[in-house]
Structures are given as C-alpha cells and as structure tokens.
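The structure file final-v1.txt is reproduced below (compact mmCIF, C-alpha atoms and all ligand atoms).
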```
# COMPACT_ATOMS: atom_id res chain seq x y z
CA MET A 1 -19.60 1.69 -19.49
CA THR A 2 -22.29 0.95 -22.10
CA LYS A 3 -24.97 -1.08 -20.31
CA SER A 4 -27.15 0.59 -17.70
CA VAL A 5 -26.32 -0.21 -14.09
CA THR A 6 -29.14 -1.87 -12.15
CA VAL A 7 -29.41 -3.16 -8.61
CA LYS A 8 -28.63 -6.63 -10.02
CA THR A 9 -25.42 -5.33 -11.63
CA LEU A 10 -24.29 -4.10 -8.21
CA LEU A 11 -24.95 -7.46 -6.57
CA LYS A 12 -22.98 -9.22 -9.31
CA MET A 13 -20.14 -6.73 -8.84
CA LYS A 14 -19.94 -7.60 -5.15
CA GLN A 15 -19.96 -11.30 -5.94
CA ALA A 16 -17.17 -10.80 -8.51
CA GLY A 17 -15.12 -8.63 -6.13
CA GLN A 18 -15.45 -5.57 -8.40
CA LYS A 19 -15.53 -2.23 -6.59
CA ILE A 20 -18.47 0.15 -7.04
CA ALA A 21 -17.87 3.89 -7.66
CA MET A 22 -20.64 6.24 -6.52
CA LEU A 23 -20.72 10.06 -6.49
CA THR A 24 -23.35 12.61 -5.65
CA ALA A 25 -24.81 14.69 -8.50
CA TYR A 26 -27.35 17.47 -8.28
CA ASP A 27 -27.66 18.91 -11.79
CA HIS A 28 -27.78 18.04 -15.49
CA PRO A 29 -24.26 18.98 -16.68
CA THR A 30 -22.65 17.13 -13.79
CA ALA A 31 -24.81 14.07 -14.41
CA VAL A 32 -23.86 14.04 -18.12
CA LEU A 33 -20.14 14.17 -17.28
CA LEU A 34 -20.19 11.61 -14.46
CA ASP A 35 -22.41 9.23 -16.45
CA ALA A 36 -20.04 9.46 -19.44
CA ALA A 37 -17.05 8.88 -17.11
CA GLY A 38 -18.64 5.58 -16.03
CA VAL A 39 -19.65 6.29 -12.43
CA HIS A 40 -21.84 3.33 -11.40
CA ILE A 41 -24.26 5.16 -9.08
CA LEU A 42 -25.30 8.84 -9.00
CA LEU A 43 -26.78 9.86 -5.68
CA VAL A 44 -29.01 12.91 -5.50
CA GLY A 45 -28.12 13.25 -1.85
CA ASP A 46 -29.64 15.57 0.71
CA SER A 47 -26.03 16.76 1.12
CA LEU A 48 -27.18 19.24 -1.55
CA GLY A 49 -28.59 21.20 1.39
CA MET A 50 -25.03 21.83 2.57
CA VAL A 51 -22.99 22.01 -0.65
CA VAL A 52 -25.53 23.67 -2.97
CA GLN A 53 -28.02 25.51 -0.74
CA GLY A 54 -25.48 26.69 1.85
CA GLN A 55 -27.27 25.20 4.87
CA THR A 56 -25.30 23.96 7.90
CA THR A 57 -27.11 20.57 8.04
CA THR A 58 -29.22 18.41 5.71
CA ILE A 59 -32.31 18.85 7.90
CA PRO A 60 -33.96 21.77 6.02
CA VAL A 61 -33.94 19.88 2.68
CA ALA A 62 -37.47 19.24 1.38
CA LEU A 63 -38.82 16.43 -0.79
CA GLU A 64 -39.51 19.05 -3.50
CA ASP A 65 -35.82 20.02 -3.50
CA ILE A 66 -34.77 16.42 -4.11
CA ILE A 67 -37.41 15.98 -6.85
CA TYR A 68 -36.24 19.21 -8.54
CA HIS A 69 -32.60 18.08 -8.59
CA THR A 70 -33.38 14.45 -9.46
CA LYS A 71 -35.24 15.61 -12.58
CA MET A 72 -32.09 17.36 -13.81
CA VAL A 73 -29.86 14.38 -13.03
CA SER A 74 -32.18 11.80 -14.59
CA ARG A 75 -32.31 13.81 -17.83
CA GLY A 76 -28.51 13.66 -18.02
CA ALA A 77 -27.65 10.10 -16.97
CA HIS A 78 -28.35 7.08 -19.14
CA HIS A 79 -26.06 4.41 -17.70
CA SER A 80 -25.52 5.21 -14.02
CA LEU A 81 -28.12 4.03 -11.49
CA ILE A 82 -29.88 7.10 -10.06
CA VAL A 83 -30.58 6.98 -6.34
CA ALA A 84 -32.46 9.85 -4.65
CA ASP A 85 -32.43 10.60 -0.93
CA LEU A 86 -35.61 10.66 1.12
CA PRO A 87 -35.04 13.81 3.21
CA PHE A 88 -35.64 14.33 6.93
CA LEU A 89 -39.18 13.48 8.08
CA THR A 90 -40.36 12.23 4.67
CA TYR A 91 -40.26 8.56 5.77
CA GLN A 92 -40.26 8.52 9.59
CA ILE A 93 -43.96 9.29 10.18
CA SER A 94 -45.38 6.08 8.69
CA ALA A 95 -44.54 3.38 6.16
CA ASP A 96 -47.38 4.70 3.97
CA GLN A 97 -45.92 8.20 3.99
CA ALA A 98 -42.50 6.74 3.11
CA MET A 99 -43.86 4.66 0.24
CA GLN A 100 -45.78 7.60 -1.25
CA ASN A 101 -42.77 9.91 -1.05
CA ALA A 102 -40.46 7.23 -2.47
CA ALA A 103 -42.91 6.74 -5.35
CA GLN A 104 -42.81 10.49 -6.05
CA LEU A 105 -39.02 10.42 -6.34
CA LEU A 106 -39.37 7.75 -9.04
CA ARG A 107 -42.50 9.03 -10.79
CA GLU A 108 -41.72 12.76 -10.82
CA GLY A 109 -37.96 12.84 -10.35
CA GLY A 110 -36.98 9.89 -12.53
CA ALA A 111 -34.94 8.16 -9.80
CA GLN A 112 -34.51 4.39 -10.00
CA ALA A 113 -34.02 3.83 -6.27
CA VAL A 114 -34.26 5.74 -2.99
CA LYS A 115 -32.00 6.02 0.04
CA LEU A 116 -33.00 6.51 3.65
CA GLU A 117 -31.14 6.65 6.97
CA GLY A 118 -31.51 4.42 10.03
CA GLY A 119 -31.34 0.87 11.36
CA GLN A 120 -33.86 -1.59 12.80
CA GLU A 121 -36.32 1.26 13.49
CA VAL A 122 -36.77 1.77 9.71
CA ALA A 123 -36.61 -1.90 8.65
CA ALA A 124 -40.41 -2.25 8.35
CA THR A 125 -40.48 0.94 6.25
CA VAL A 126 -37.74 -0.40 3.98
CA GLN A 127 -39.73 -3.61 3.55
CA ARG A 128 -42.88 -1.68 2.65
CA ILE A 129 -41.12 0.45 0.01
CA VAL A 130 -39.36 -2.60 -1.47
CA GLN A 131 -42.68 -4.49 -1.61
CA ALA A 132 -44.04 -1.62 -3.72
CA GLY A 133 -41.30 -2.35 -6.28
CA ILE A 134 -38.95 0.48 -5.29
CA PRO A 135 -35.30 -0.45 -4.58
CA VAL A 136 -33.99 0.94 -1.28
CA MET A 137 -30.42 1.81 -0.34
CA ALA A 138 -29.92 1.94 3.44
CA HIS A 139 -27.54 4.22 5.37
CA LEU A 140 -25.83 3.54 8.73
CA GLY A 141 -23.01 5.02 10.81
CA LEU A 142 -23.06 8.79 10.76
CA THR A 143 -26.62 9.49 9.65
CA PRO A 144 -26.57 13.28 9.08
CA GLN A 145 -30.35 13.73 9.51
CA SER A 146 -29.79 12.69 13.18
CA VAL A 147 -26.84 15.04 13.71
CA HIS A 148 -28.45 16.62 16.77
CA THR A 149 -29.01 13.23 18.42
CA LEU A 150 -25.50 12.06 17.55
CA GLY A 151 -24.01 15.30 18.85
CA GLY A 152 -22.06 16.21 15.71
CA PHE A 153 -20.52 14.78 12.54
CA SER A 154 -18.27 12.18 14.18
CA VAL A 155 -17.16 8.56 13.62
CA GLN A 156 -19.77 6.02 14.82
CA GLY A 157 -19.41 2.46 16.12
CA ARG A 158 -16.30 2.89 18.28
CA THR A 159 -17.61 0.88 21.28
CA ARG A 160 -18.45 -2.83 21.39
CA GLU A 161 -22.11 -2.04 22.08
CA ALA A 162 -22.37 0.46 19.20
CA ALA A 163 -20.53 -1.87 16.82
CA GLU A 164 -22.79 -4.83 17.68
CA ARG A 165 -25.86 -2.65 17.19
CA MET A 166 -24.61 -1.48 13.78
CA LEU A 167 -24.03 -5.08 12.65
CA GLU A 168 -27.54 -6.05 13.82
CA ASP A 169 -28.97 -3.00 12.04
CA ALA A 170 -27.14 -3.93 8.83
CA LEU A 171 -28.48 -7.50 8.94
CA ALA A 172 -32.03 -6.25 9.62
CA LEU A 173 -31.89 -3.83 6.67
CA GLN A 174 -30.64 -6.57 4.37
CA GLN A 175 -33.41 -8.86 5.65
CA ALA A 176 -35.93 -6.07 4.94
CA GLY A 177 -34.86 -6.04 1.30
CA ALA A 178 -32.34 -3.17 0.99
CA PHE A 179 -30.17 -3.65 -2.13
CA ALA A 180 -27.11 -1.82 -0.74
CA LEU A 181 -25.91 -0.13 2.42
CA VAL A 182 -24.01 3.14 2.82
CA LEU A 183 -21.61 3.12 5.78
CA GLU A 184 -20.66 6.69 6.69
CA MET A 185 -17.81 7.48 9.09
CA VAL A 186 -17.36 3.99 10.50
CA PRO A 187 -14.00 2.51 11.63
CA ALA A 188 -12.48 0.46 8.80
CA GLU A 189 -12.38 -2.73 10.91
CA LEU A 190 -16.12 -2.57 11.63
CA ALA A 191 -16.94 -1.71 7.99
CA GLU A 192 -14.90 -4.75 6.94
CA LEU A 193 -16.82 -7.01 9.34
CA ILE A 194 -20.22 -5.70 8.16
CA THR A 195 -19.15 -6.03 4.50
CA SER A 196 -18.10 -9.66 5.03
CA ARG A 197 -21.38 -10.52 6.81
CA LEU A 198 -23.69 -9.04 4.14
CA SER A 199 -24.55 -10.43 0.72
CA ILE A 200 -25.61 -6.93 -0.47
CA PRO A 201 -22.88 -4.40 -1.31
CA THR A 202 -21.65 -1.83 1.21
CA ILE A 203 -20.68 1.64 -0.03
CA GLY A 204 -18.32 3.48 2.28
CA ILE A 205 -17.69 7.16 2.92
CA GLY A 206 -15.06 7.64 5.60
CA ALA A 207 -15.35 3.89 6.28
CA GLY A 208 -11.99 2.64 5.01
CA PRO A 209 -10.96 0.53 2.01
CA PHE A 210 -12.80 -2.73 2.71
CA CYS A 211 -16.32 -1.73 1.61
CA ASP A 212 -17.61 -3.03 -1.72
CA GLY A 213 -17.71 0.52 -3.08
CA GLN A 214 -17.00 4.13 -2.21
CA VAL A 215 -18.99 7.35 -2.39
CA LEU A 216 -17.88 10.98 -2.15
CA VAL A 217 -19.77 14.25 -2.27
CA PHE A 218 -19.09 15.63 -5.76
CA HIS A 219 -18.40 19.22 -4.67
CA ASP A 220 -15.88 18.08 -2.04
CA MET A 221 -14.23 15.65 -4.44
CA VAL A 222 -13.61 18.25 -7.18
CA GLY A 223 -12.80 21.09 -4.74
CA TYR A 224 -15.90 23.14 -5.63
CA THR A 225 -16.64 24.39 -2.14
CA SER A 226 -15.53 27.11 0.20
CA GLY A 227 -16.92 25.41 3.31
CA TYR A 228 -15.79 22.67 5.69
CA ILE A 229 -14.20 19.65 3.97
CA PRO A 230 -14.40 16.35 5.89
CA LYS A 231 -11.13 14.56 6.68
CA HIS A 232 -12.16 11.45 4.71
CA ASN A 233 -12.53 13.45 1.49
CA LYS A 234 -9.91 13.23 -1.23
CA ARG A 235 -9.80 16.25 -3.55
CA TYR A 236 -9.22 15.10 -7.13
CA ALA A 237 -9.39 18.59 -8.69
CA ASN A 238 -9.39 22.24 -7.68
CA VAL A 239 -12.48 23.60 -9.42
CA ALA A 240 -12.76 26.55 -6.99
CA GLN A 241 -9.36 27.82 -8.13
CA VAL A 242 -10.25 27.40 -11.82
CA ILE A 243 -13.49 29.38 -11.32
CA GLN A 244 -11.79 32.13 -9.31
CA GLU A 245 -9.03 32.53 -11.88
CA ALA A 246 -11.55 32.61 -14.75
CA ALA A 247 -13.67 35.23 -12.95
CA SER A 248 -10.62 37.44 -12.26
CA VAL A 249 -9.51 37.37 -15.92
CA TYR A 250 -13.11 38.10 -17.02
CA ILE A 251 -13.36 41.13 -14.71
CA GLN A 252 -10.01 42.39 -16.00
CA GLU A 253 -11.04 42.01 -19.65
CA VAL A 254 -14.46 43.61 -19.15
CA THR A 255 -12.92 46.59 -17.37
CA ASN A 256 -10.05 47.05 -19.85
CA GLY A 257 -12.23 46.50 -22.95
CA GLY A 258 -10.60 43.19 -23.92
CA PHE A 259 -13.97 41.41 -23.82
CA PRO A 260 -15.94 41.04 -26.03
CA GLY A 261 -13.45 40.69 -28.89
CA GLU A 262 -14.16 40.22 -32.61
CA ASP A 263 -14.83 36.47 -32.08
CA GLN A 264 -17.68 37.18 -29.68
CA THR A 265 -19.18 40.04 -31.77
CA ALA A 266 -21.97 39.87 -34.38
CA ARG A 267 -21.49 42.20 -37.38
CA LEU A 268 -23.89 43.25 -40.13
CA ARG A 269 -23.56 41.46 -43.47
CA PRO A 270 -22.60 43.84 -46.37
CA GLU A 271 -26.18 44.00 -47.75
CA GLU A 272 -27.56 44.65 -44.25
CA PHE A 273 -24.89 47.28 -43.70
CA ASP A 274 -25.91 49.08 -46.91
CA GLU A 275 -29.56 49.02 -45.87
CA LEU A 276 -28.80 50.33 -42.39
CA THR A 277 -26.18 52.93 -43.41
CA PRO A 278 -28.62 55.91 -43.41
CA LEU A 279 -29.92 54.88 -39.99
CA LEU A 280 -26.40 54.35 -38.61
CA ARG A 281 -25.40 57.79 -39.89
CA GLY A 282 -28.45 59.33 -38.25
CA GLU A 283 -29.98 60.27 -41.58
CA GLY A 284 -33.70 60.29 -42.40
CA GLN A 285 -35.06 60.16 -38.86
O1 LIG B 301 -26.51 13.00 1.08
C1 LIG B 301 -25.47 12.43 0.71
O2 LIG B 301 -24.71 12.93 -0.14
C2 LIG B 301 -25.14 11.15 1.31
C3 LIG B 301 -23.77 10.58 1.04
C4 LIG B 301 -22.76 11.27 1.87
C5 LIG B 301 -23.75 9.13 1.22
O3 LIG B 301 -25.93 10.60 2.02
```

Would you mind writing the file out in structure tokens?
Ligand code: KIV
Amino acid sequence: MTKSVTVKTLLKMKQAGQKIAMLTAYDHPTAVLLDAAGVHILLVGDSLGMVVQGQTTTIPVALEDIIYHTKMVSRGAHHSLIVADLPFLTYQISADQAMQNAAQLLREGGAQAVKLEGGQEVAATVQRIVQAGIPVMAHLGLTPQSVHTLGGFSVQGRTREAAERMLEDALALQQAGAFALVLEMVPAELAELITSRLSIPTIGIGAGPFCDGQVLVFHDMVGYTSGYIPKHNKRYANVAQVIQEAASVYIQEVTNGGFPGEDQTARLRPEEFDELTPLLRGEGQ
C-alpha cells in the first residue's frame, strides 16, 4: 500500500467489491508495523480500556486516554486511515459537546475520523460533526458503551423487531453522513442485508463474512492478552507465549550470569584503559 487511505478510498473499495481490513492500534510501534503491513484502517478504539488498561468495560475510558494513544498511532501511521473512538459520555450530552470533542481528537490526537456508538438517537450528532468537516464512522449491534443496558456482551438483532430497528438505524446514520458503519456481534444474515442496503461500507466484528470489511482487536488477534477472548476472534499469532518464553530465558540468564555477555558490554579503549589503570588498581586515591 503506497497511497494514503481516505474515506473516498473506502467508498471506492466497496463499489469495486474489495474488502477492507481494519485493526485496532493503541501505540507507535504497533501503528508502524500495521501501517507497513497495509492495514487500511487503524482504530484507536476505546477497547484499549479492556485490553491495555485492564478494565472490565470500556466505560471508564476518558477522552484524554484516546487523545494520548491517538498521538502515538498518528506518529507511526502514514498510509492507514486513523479513526479514533469518542468514549462514553463525550458525545451524548449535546451535538456541540460531540463536535468539540471530535475536533480535539483530530487537532490534538492527529486522527482523521472519529467513531461513535448508537443509532437514530445519535443521527443529529453525526450530522453536526460531519458538517464541521470531520468524517464519522458509526457503530451498531453490540455497542459496548451500553453494555449495562444491553445486559452483557451478546449478539444483537436476533428478533424481527430488533433487526428492523437496526436496519432503520443504519439507514439513518448513512443519511446523517456517516462514511462507514461498524456492525458488532450481529447475525451474518442481518449484516448481509444491511450491507446490501447501504452505499457506505460496513465493517464487521462477529458479524459474519458478508460485510464490506472486517475489524479485530489487535491484542486478541495476535494473542497478546490473558483475559477473555470473544468467540468471533481469530488468533493469528501467540504473542503471549513468545513474551513468556523470552522473559523466562532472561530470568535464567540474569540469575546464572549468562546476561549480559560480551556483545552487550562496553569496554574501555586501550588508551582509556591506560589512563584509568591507576584508578582501577586503587592507586593514587
Ligand atoms: O473499541 C473498539 O476496539 C471497537 C471495535 C471492536 C470495533 O469499537
């Protein structure tokens, strides 16, 4: 991937039937690697509350946390589109509040777009942010900031009523100007219907193969977590095992004197050695 990904690129990809690959990223080294690998979208998700901060939900995540992590990601990514999450209660109070907080994610964090959760109830807010020139990614299905209302992290849209409401929400968000829609934990058949009815791309997570793109949480996807792993995750690597093995060997080598070796040791040059010899021998002090 050489050209930078923009919201227009994503629209063209949907029209051409090309799938979009999105991953979360929360720090500079990860952003550099994922950007170089060609990931289309990097999401600084509020999932960082769970996989980085060790919280049990995304609710405690603050705007400042997202700004802090977005700064690191935006310094490392030059091709991927950087989307930053608006955390809980940073956009629900008023459209003005939402627009100001979204602007901060761009101005201070270096994001190129923001994501927020919800359906028709946030459509006017989406419209307001978009009118200010800030691209908005919407998010339906399991919306983790509402976990206590939903009663847990479970699949959404299983009844006719819930499915119809989700389709109406999706159409309202598109109408409000959202450039893409995340569908989280939605039955594949419903995700397929929504995808076919929208002109903007859908990005699925636990929403089956028919979405225009897919997103996974980076730490889950590379096996860099000791916590709960959702069923829809696919683990492409086992980073936790690599780290644990490296740490065990390090402890062994430190305790048996194997580390540091000659390669990791600085020595005096001959002329420095001559100058320091009296001192090293304890002479002249
Ligand atoms: O916060 C996040 O990482 C997300 C993705 C799961 C879509 O919202």

Show me which residues sit within 7 Å of ligand LIG 301 (chain B) when counting all atoms listed in the file, and put them as an mmCIF file with C-alpha atoms, keeping the file's coordinate frame.
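So the final result, stored in selection-v8.cif, reads:
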```cif
data_model
loop_
_atom_site.group_PDB
_atom_site.id
_atom_site.type_symbol
_atom_site.label_atom_id
_atom_site.label_comp_id
_atom_site.auth_asym_id
_atom_site.auth_seq_id
_atom_site.Cartn_x
_atom_site.Cartn_y
_atom_site.Cartn_z
ATOM 1 C CA THR A 24 -23.350 12.610 -5.650
ATOM 2 C CA LEU A 43 -26.780 9.860 -5.680
ATOM 3 C CA VAL A 44 -29.010 12.910 -5.500
ATOM 4 C CA GLY A 45 -28.120 13.250 -1.850
ATOM 5 C CA ASP A 46 -29.640 15.570 0.710
ATOM 6 C CA SER A 47 -26.030 16.760 1.120
ATOM 7 C CA LEU A 48 -27.180 19.240 -1.550
ATOM 8 C CA ASP A 85 -32.430 10.600 -0.930
ATOM 9 C CA VAL A 182 -24.010 3.140 2.820
ATOM 10 C CA GLU A 184 -20.660 6.690 6.690
ATOM 11 C CA ILE A 205 -17.690 7.160 2.920
ATOM 12 C CA VAL A 215 -18.990 7.350 -2.390
ATOM 13 C CA LEU A 216 -17.880 10.980 -2.150
ATOM 14 C CA VAL A 217 -19.770 14.250 -2.270
#
```

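For the pair CA of Phe179 in chain A and CA of Val136 in chain A, the separation is 6.0 Å.
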
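The shortest atom-to-atom distance to Gln18 in chain A, with all atoms listed in the file taken into account, belongs to A:Asp212 out of A:Glu168, A:Asp212, A:Glu262, A:Glu192.
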
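When only C-alpha atoms are used to compute distances to Gly227 in chain A, the closest of the residues A:Ala178, A:Val122, A:Ala240, A:Val186 turns out to be A:Ala240.
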
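Across the model, the gap from CA of Lys14 in chain A to CA of Gly118 in chain A is 22.6 Å.
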
Write out as AutoDock Vina command-line options an axis-aligned box for range 135-146 of chain A: all of its atoms listed in the file, 5 Å added on each side, centre and edge lengths in Å with one decimal.
```
--center_x -29.2 --center_y 6.6 --center_z 4.3 --size_x 22.3 --size_y 24.2 --size_z 27.8
```

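With only the atoms specified (only C-alpha atoms) counting, those residues at most 10 Å away from (-35.0, 17.1, 2.9) are Gly45, Asp46, Ser47, Leu48, Gly49, Thr58, Ile59, Pro60, Val61, Ala62, Leu63, Glu64, Asp65, Ile66, Asp85, Leu86, Pro87, Phe88, Leu89, Thr90 and Gln145 of chain A.
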
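Computed from the coordinates, the CA of Glu271 in chain A to CA of Glu283 in chain A distance equals 17.8 Å.
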